[in-house]
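Beneath this line is the structure, given in structure tokens, with notes to follow.
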Amino acid sequence: MMEPTTLLLAVAVCLVVLLLFRRDPEKMRIKEMMDKLPGPPSYPILGTMLPYIFLPPEGRWDIFLKLMMKYKPFFKWWLGPFPGICTSHPDYIEALLNNTKMIDKAIHYKFLHPWLGTGLITSTGTKWHSHRKLITPSFHFKILENFVPIFAKNCDILVNKLKKEIGREVFDIYPYISACTLDIICESAMGACVNAQKYENSDYVTAVNKMKAILSERLAKPFLALDFIFNFTKWSKLQKKSLDIIHGFTKKVIRERKQQRLKNIQEHFPEDDVYFGQKKRIAFLDMLLDVSEDGNKMTDEEIQEEVDTFMFGGHDTITATISTSLYLLGLHPEIQDRAYEELKGIFKESDHSPTVKDLKNMKYLHMVIKEAMRLYPSAPLLARMLTQDLQLGSHTVPAGVTACVPIFAIHRDPDIFPNPTQFHPDNFLPERVVNRHPYAYIPFSAGPRNCIGQKFAMLEVKMVLSSILRSYEVRSADKSEDLVLVLEIVFRSKNGFRITLSPRGRE
């Protein structure tokens with residue numbers, strides 16, 4: 001709950017914004033066009049989302065889904081003075097996401113700027129185009145193959161850590177997965193080992209979790225969207241402290257890596273052999289430093305932004321996908337058995353770590369993962385800022401409006417996926433996918449701003465899941481209707497993903 005003084009200040013500022021809004025011809029044009037669109041009633045100052053503001057994080061998603069179902073496939077909303085629309089129609093989504101002139105992220109992404117600066121997720125225009133072009137070759141599959149040994153090493157640690165949970169009645173798998181993926185992403189992105197699995201309660205993880213909570217509050221409460229108000233709250237102090245930890249770590253790694261590279265050059269050591277002990281296995285940071293040194297200059301600040309972005313995009317999202325996949329497999333033993341049989345067919349009696357070829361052969365597990373991302377997409381929604389009027393069917397949406405795509409709702413549309421709440425990996429059999437609208441399933445977004453790291457993510461998720469399933473049988477303690485989903489930057493369950501483990505015997 002906000003302090004009374006801050007709340008009064010927020011109301012006063014919103015009143016001023018509202019008065020200025022009415023004096024601006026362009027804003028009045030937006031309001032007139034918005035009035036013609038379908039949607040719920042709007043309240044003075046606070047807009048459409050009045051009930052939403054006073055709910056805890058776990059209650060906000062229910063309100064949003066009810067609006068989506070009531071006004072499907074399109075409705076307008078006002079978050080205070082900020083206008084927006086939401087659509088779950090695949091044709092409308094394609095018109096939005098595939099439009100090369102509509103690449104600006106929504107204004108709400110500015111809340112990420114203190115954390116990520118203007119890296120690939122948050123930048124736009126010339127900077128986004130040039131960085132995307134520079135960075136894309138780093139995600140070529142042949143390069144990604146070199147990260148597989150990093151995945152395997154940290155999965156072995158995870159499997160050993162989980163031994164202590166055998167025989168326990170129930171435990172939350174999420175913290176284990178989070179520590180493992182943090183170790184993987186740190187070594188893959190920066191070539192740095194933080195040993196999050198060895199040393200629990202990592203300062204970095206704690207800082208990231210606090211930043212997510214802050215972002216959730218700012219997204220939910222329109223008065224916190226204004227920096228003038230936000231800077232007077234406890235959230236602002238917490239954000240500064242958390243970012244000091246996050247950025248301090250990244251800067252330290254970049255500084256040390258540049259010093260090591262310079263030393264290697266001076267002493268005539270082959271760079272990749274010295275630092276990693278294996279030729280060609282280079283971190284994302286090294287690729288950025290190489291790009292900078294080749295004349296396509298990126299400043300130290302820009303390098304840090306992209307590394308922080310990769311850390312942000314490759315940690316919590318992957319953790320969520322692995323955790324929900326395990327949870328769903330634990331609810332459906334017959335599907336888990338089928339996935340395990342596939343793994344036995346690939347590995348026979350061997351206990352070797354998966355190779356790239358092995359990962360490619362995990363066809364059914366691939367379908368399991370895609371179905372898990374359908375039911376629980378790690379990023380539940382995305383948004384764009386319209387820079388020009390956009391025609392969506394019979395609706396004309398004015399420039400200056402936020403266009404929101406609720407991925408969670410699209411993936412559970414019964415017109416696209418029969419029995420949409422059922423976990424059914426066969427939804428991704430080739431013969432079913434071929435007849436489905438390409439924008440009806442978008443866990444990695446779509447169009448020119450789709451997720452650049454999706455191949456990396458799928459390789460990592462397969463590695464972690466296969467490692468666990470080869471060693472343990474998983475059972476989930478909570479039914480799907482008992483999960484309390486919390487809408488933040490990344491989906492999570494309020495009570496975690498509670499499972500039990502039993503060891504698999506040799507057959």
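Just remember, in the structure tokens the first chain shown is A, the second B, etc., residues are 1-based per chain, and ligands are 1-based in the order shown.
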**OP:** Could you tell me, as number ranges by chain, which residues of segment 272-504 of chain A DSSP assigns to alpha helix (DSSP H) when given the backbone?
**Re:** A: 272-276, 284-293, 300-331, 333-347, 356-360, 363-375, 407-411, 430-433, 454-471
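DSSP annotation of segment 65-98 of chain A from backbone atoms: strand (DSSP E) residues are Phe74, Phe75, Lys76, Trp77, Trp78, Leu79, Phe82, Pro83, Gly84, Ile85, Cys86 and Thr87 of chain A.
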Subject >> d(atom CA of Asp62 of chain A, atom CA of Tyr92 of chain A) in Å >> reply: 23.1 Å
Subject >> Surrounding residues of Pro175 of chain A excluding itself and chain neighbours under 6 positions, 12 Å, only C-alpha atoms, as a PyMOL selection string >> reply: chain A and resi 158+161-162+181-182+196-197+200-202+205-206+209+316+319-320+322-323+492+495-498
With N, CA, C and O atoms kept, could you save the residues just selected as a CSV table (one decimal), in the first residue's frame?
```
chain,number,residue,atom,x,y,z
A,158,LEU,N,23.5,-30.2,-11.4
A,158,LEU,CA,22.1,-30.1,-11.0
A,158,LEU,C,21.6,-31.5,-10.6
A,158,LEU,O,20.9,-31.7,-9.5
A,161,LYS,N,22.9,-32.4,-7.3
A,161,LYS,CA,22.3,-31.6,-6.2
A,161,LYS,C,20.9,-32.1,-5.8
A,161,LYS,O,20.5,-32.1,-4.7
A,162,LEU,N,20.2,-32.7,-6.8
A,162,LEU,CA,18.8,-33.1,-6.6
A,162,LEU,C,18.8,-34.4,-5.8
A,162,LEU,O,17.7,-34.8,-5.3
A,181,THR,N,20.4,-22.6,-14.5
A,181,THR,CA,20.3,-21.7,-15.7
A,181,THR,C,21.1,-20.4,-15.5
A,181,THR,O,21.7,-19.9,-16.5
A,182,LEU,N,21.3,-20.0,-14.3
A,182,LEU,CA,22.1,-18.8,-14.0
A,182,LEU,C,23.6,-19.2,-14.3
A,182,LEU,O,24.3,-18.4,-14.9
A,196,ALA,N,26.4,-20.5,-8.9
A,196,ALA,CA,25.1,-20.3,-8.2
A,196,ALA,C,24.6,-21.6,-7.6
A,196,ALA,O,23.9,-21.5,-6.6
A,197,GLN,N,24.9,-22.7,-8.2
A,197,GLN,CA,24.5,-24.0,-7.7
A,197,GLN,C,25.3,-24.4,-6.5
A,197,GLN,O,24.8,-25.1,-5.6
A,200,GLU,N,24.5,-21.0,-2.5
A,200,GLU,CA,23.1,-20.6,-2.6
A,200,GLU,C,22.9,-19.1,-2.2
A,200,GLU,O,23.7,-18.5,-1.6
A,201,ASN,N,21.7,-18.6,-2.4
A,201,ASN,CA,21.3,-17.3,-2.1
A,201,ASN,C,22.3,-16.3,-2.8
A,201,ASN,O,22.8,-15.3,-2.2
A,202,SER,N,22.4,-16.5,-4.1
A,202,SER,CA,23.3,-15.6,-4.9
A,202,SER,C,22.8,-14.2,-4.8
A,202,SER,O,21.6,-13.9,-5.0
A,205,VAL,N,21.0,-13.3,-8.1
A,205,VAL,CA,19.7,-13.8,-8.3
A,205,VAL,C,18.7,-13.0,-7.4
A,205,VAL,O,17.6,-12.7,-7.9
A,206,THR,N,19.1,-12.7,-6.2
A,206,THR,CA,18.2,-11.9,-5.3
A,206,THR,C,18.0,-10.5,-5.9
A,206,THR,O,16.8,-10.1,-5.9
A,209,ASN,N,15.5,-10.9,-8.8
A,209,ASN,CA,14.1,-11.1,-8.3
A,209,ASN,C,13.5,-9.8,-7.8
A,209,ASN,O,12.3,-9.6,-8.0
A,316,ASP,N,15.6,-16.1,-16.6
A,316,ASP,CA,14.3,-16.4,-16.0
A,316,ASP,C,13.4,-17.0,-17.0
A,316,ASP,O,12.5,-17.9,-16.6
A,319,THR,N,14.3,-20.6,-17.2
A,319,THR,CA,14.0,-21.3,-15.9
A,319,THR,C,12.5,-21.6,-15.9
A,319,THR,O,12.1,-22.7,-15.5
A,320,ALA,N,11.7,-20.6,-16.3
A,320,ALA,CA,10.2,-20.8,-16.3
A,320,ALA,C,9.8,-22.0,-17.2
A,320,ALA,O,9.0,-22.8,-16.9
A,322,ILE,N,11.6,-24.6,-18.3
A,322,ILE,CA,12.0,-25.9,-17.8
A,322,ILE,C,11.1,-26.3,-16.6
A,322,ILE,O,10.7,-27.5,-16.5
A,323,SER,N,10.8,-25.4,-15.7
A,323,SER,CA,10.0,-25.7,-14.5
A,323,SER,C,8.6,-26.1,-14.9
A,323,SER,O,8.1,-27.1,-14.3
A,492,ARG,N,5.3,-16.8,-13.3
A,492,ARG,CA,5.8,-17.7,-12.2
A,492,ARG,C,4.5,-18.2,-11.4
A,492,ARG,O,3.5,-17.6,-11.5
A,495,ASN,N,3.4,-20.2,-5.5
A,495,ASN,CA,3.9,-21.2,-4.5
A,495,ASN,C,4.9,-22.2,-5.1
A,495,ASN,O,5.2,-23.2,-4.6
A,496,GLY,N,5.5,-21.8,-6.2
A,496,GLY,CA,6.5,-22.6,-6.9
A,496,GLY,C,6.0,-23.7,-7.6
A,496,GLY,O,4.7,-23.9,-7.8
A,497,PHE,N,6.8,-24.6,-8.1
A,497,PHE,CA,6.4,-25.9,-8.8
A,497,PHE,C,6.9,-27.0,-7.9
A,497,PHE,O,8.0,-27.5,-7.9
A,498,ARG,N,5.9,-27.5,-7.1
A,498,ARG,CA,6.2,-28.6,-6.1
A,498,ARG,C,6.1,-30.0,-6.7
A,498,ARG,O,5.1,-30.3,-7.3
```
Could you name the residues that touch Gly167 of chain A at 9 Å or less, counting only C-alpha atoms, but leaving out those on the same chain fewer than 3 positions away, as a PDB file with all heavy atoms, in the first residue's frame?
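Now in out.pdb:
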```pdb
ATOM      1  N   LYS A 164      19.657 -35.076  -2.923  1.00  0.00           N
ATOM      2  CA  LYS A 164      19.234 -34.886  -1.534  1.00  0.00           C
ATOM      3  C   LYS A 164      17.722 -34.743  -1.389  1.00  0.00           C
ATOM      4  O   LYS A 164      17.194 -34.794  -0.282  1.00  0.00           O
ATOM      5  CB  LYS A 164      19.930 -33.662  -0.934  1.00  0.00           C
ATOM      6  CG  LYS A 164      19.495 -32.323  -1.512  1.00  0.00           C
ATOM      7  CD  LYS A 164      20.265 -31.192  -0.824  1.00  0.00           C
ATOM      8  CE  LYS A 164      19.831 -29.831  -1.359  1.00  0.00           C
ATOM      9  NZ  LYS A 164      20.599 -28.733  -0.721  1.00  0.00           N
ATOM     10  N   VAL A 170       7.747 -33.447  -0.677  1.00  0.00           N
ATOM     11  CA  VAL A 170       7.539 -32.486  -1.756  1.00  0.00           C
ATOM     12  C   VAL A 170       8.572 -31.360  -1.614  1.00  0.00           C
ATOM     13  O   VAL A 170       9.036 -31.053  -0.510  1.00  0.00           O
ATOM     14  CB  VAL A 170       6.102 -31.905  -1.714  1.00  0.00           C
ATOM     15  CG1 VAL A 170       5.900 -31.041  -0.473  1.00  0.00           C
ATOM     16  CG2 VAL A 170       5.767 -31.139  -2.974  1.00  0.00           C
ATOM     17  N   THR A 500       7.904 -34.257  -6.473  1.00  0.00           N
ATOM     18  CA  THR A 500       8.681 -35.286  -5.775  1.00  0.00           C
ATOM     19  C   THR A 500       9.541 -36.001  -6.804  1.00  0.00           C
ATOM     20  O   THR A 500       9.197 -36.055  -7.995  1.00  0.00           O
ATOM     21  CB  THR A 500       7.779 -36.305  -5.051  1.00  0.00           C
ATOM     22  OG1 THR A 500       6.962 -36.975  -6.032  1.00  0.00           O
ATOM     23  CG2 THR A 500       6.889 -35.627  -4.022  1.00  0.00           C
ATOM     24  N   LEU A 501      10.654 -36.544  -6.338  1.00  0.00           N
ATOM     25  CA  LEU A 501      11.574 -37.268  -7.219  1.00  0.00           C
ATOM     26  C   LEU A 501      11.810 -38.674  -6.693  1.00  0.00           C
ATOM     27  O   LEU A 501      11.887 -38.889  -5.482  1.00  0.00           O
ATOM     28  CB  LEU A 501      12.934 -36.563  -7.282  1.00  0.00           C
ATOM     29  CG  LEU A 501      13.030 -35.210  -7.992  1.00  0.00           C
ATOM     30  CD1 LEU A 501      14.471 -34.712  -7.915  1.00  0.00           C
ATOM     31  CD2 LEU A 501      12.565 -35.281  -9.428  1.00  0.00           C
ATOM     32  N   SER A 502      11.927 -39.616  -7.626  1.00  0.00           N
ATOM     33  CA  SER A 502      12.374 -40.960  -7.274  1.00  0.00           C
ATOM     34  C   SER A 502      13.406 -41.383  -8.313  1.00  0.00           C
ATOM     35  O   SER A 502      13.267 -41.044  -9.492  1.00  0.00           O
ATOM     36  CB  SER A 502      11.200 -41.950  -7.233  1.00  0.00           C
ATOM     37  OG  SER A 502      10.503 -41.939  -8.465  1.00  0.00           O
TER      38      SER A 502
END
```
**OP:** Write out as a ChimeraX atom specification which residues come within 9 Å of segment 248-258 of chain A when counting only C-alpha atoms, dropping same-chain ones fewer than 6 positions away.
**Re:** /A:190-192,204,285-286,289,300,303-304,307-308
Subject >> Spatial neighbours of Ser188 of chain A, max dist 8 Å, only C-alpha atoms, sep filter under 5 positions, as an NGL selection string >> reply: :A and (147 or 150 or 282-284)
Emit the selected residues as a JSON list (two decimals), in the first residue's frame, including C-alpha atoms.
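Heads up, here's the output in again_27.json:
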```json
[["chain", "number", "residue", "atom", "x", "y", "z"],
["A", 147, "PHE", "CA", 27.81, -24.09, -25.67],
["A", 150, "ILE", "CA", 28.68, -25.80, -20.72],
["A", 282, "ILE", "CA", 33.81, -18.40, -26.97],
["A", 283, "ALA", "CA", 31.32, -16.50, -24.83],
["A", 284, "PHE", "CA", 28.73, -14.04, -26.11]]
```
Subject >> Within 7 Å of Leu375 of chain A using only C-alpha atoms, minus same-chain residues under 2 positions, as a PyMOL selection string >> reply: chain A and resi 371-373+377+411-412+421
Go ahead and save the picked residues with C-alpha atoms, as a compact mmCIF listing (two decimals), in the first residue's frame.
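File written: part-v4.txt
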```txt
# COMPACT_ATOMS: atom_id res chain seq x y z
CA GLU A 371 3.31 -27.71 -25.61
CA ALA A 372 4.55 -26.53 -22.20
CA MET A 373 5.31 -23.13 -23.75
CA PRO A 377 4.55 -19.09 -22.16
CA HIS A 411 -2.32 -20.16 -26.89
CA ARG A 412 -5.48 -21.20 -25.04
CA THR A 421 -6.17 -26.41 -21.18
```
Subject >> Which residue of A:Ser236, A:Asp426, A:His129, A:Glu187 approaches Lys101 of chain A most closely, using only C-alpha atoms >> reply: A:His129
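Relative to atom CA of Leu485 of chain A, atom CA of Pro56 of chain A is found at 11.3 Å.
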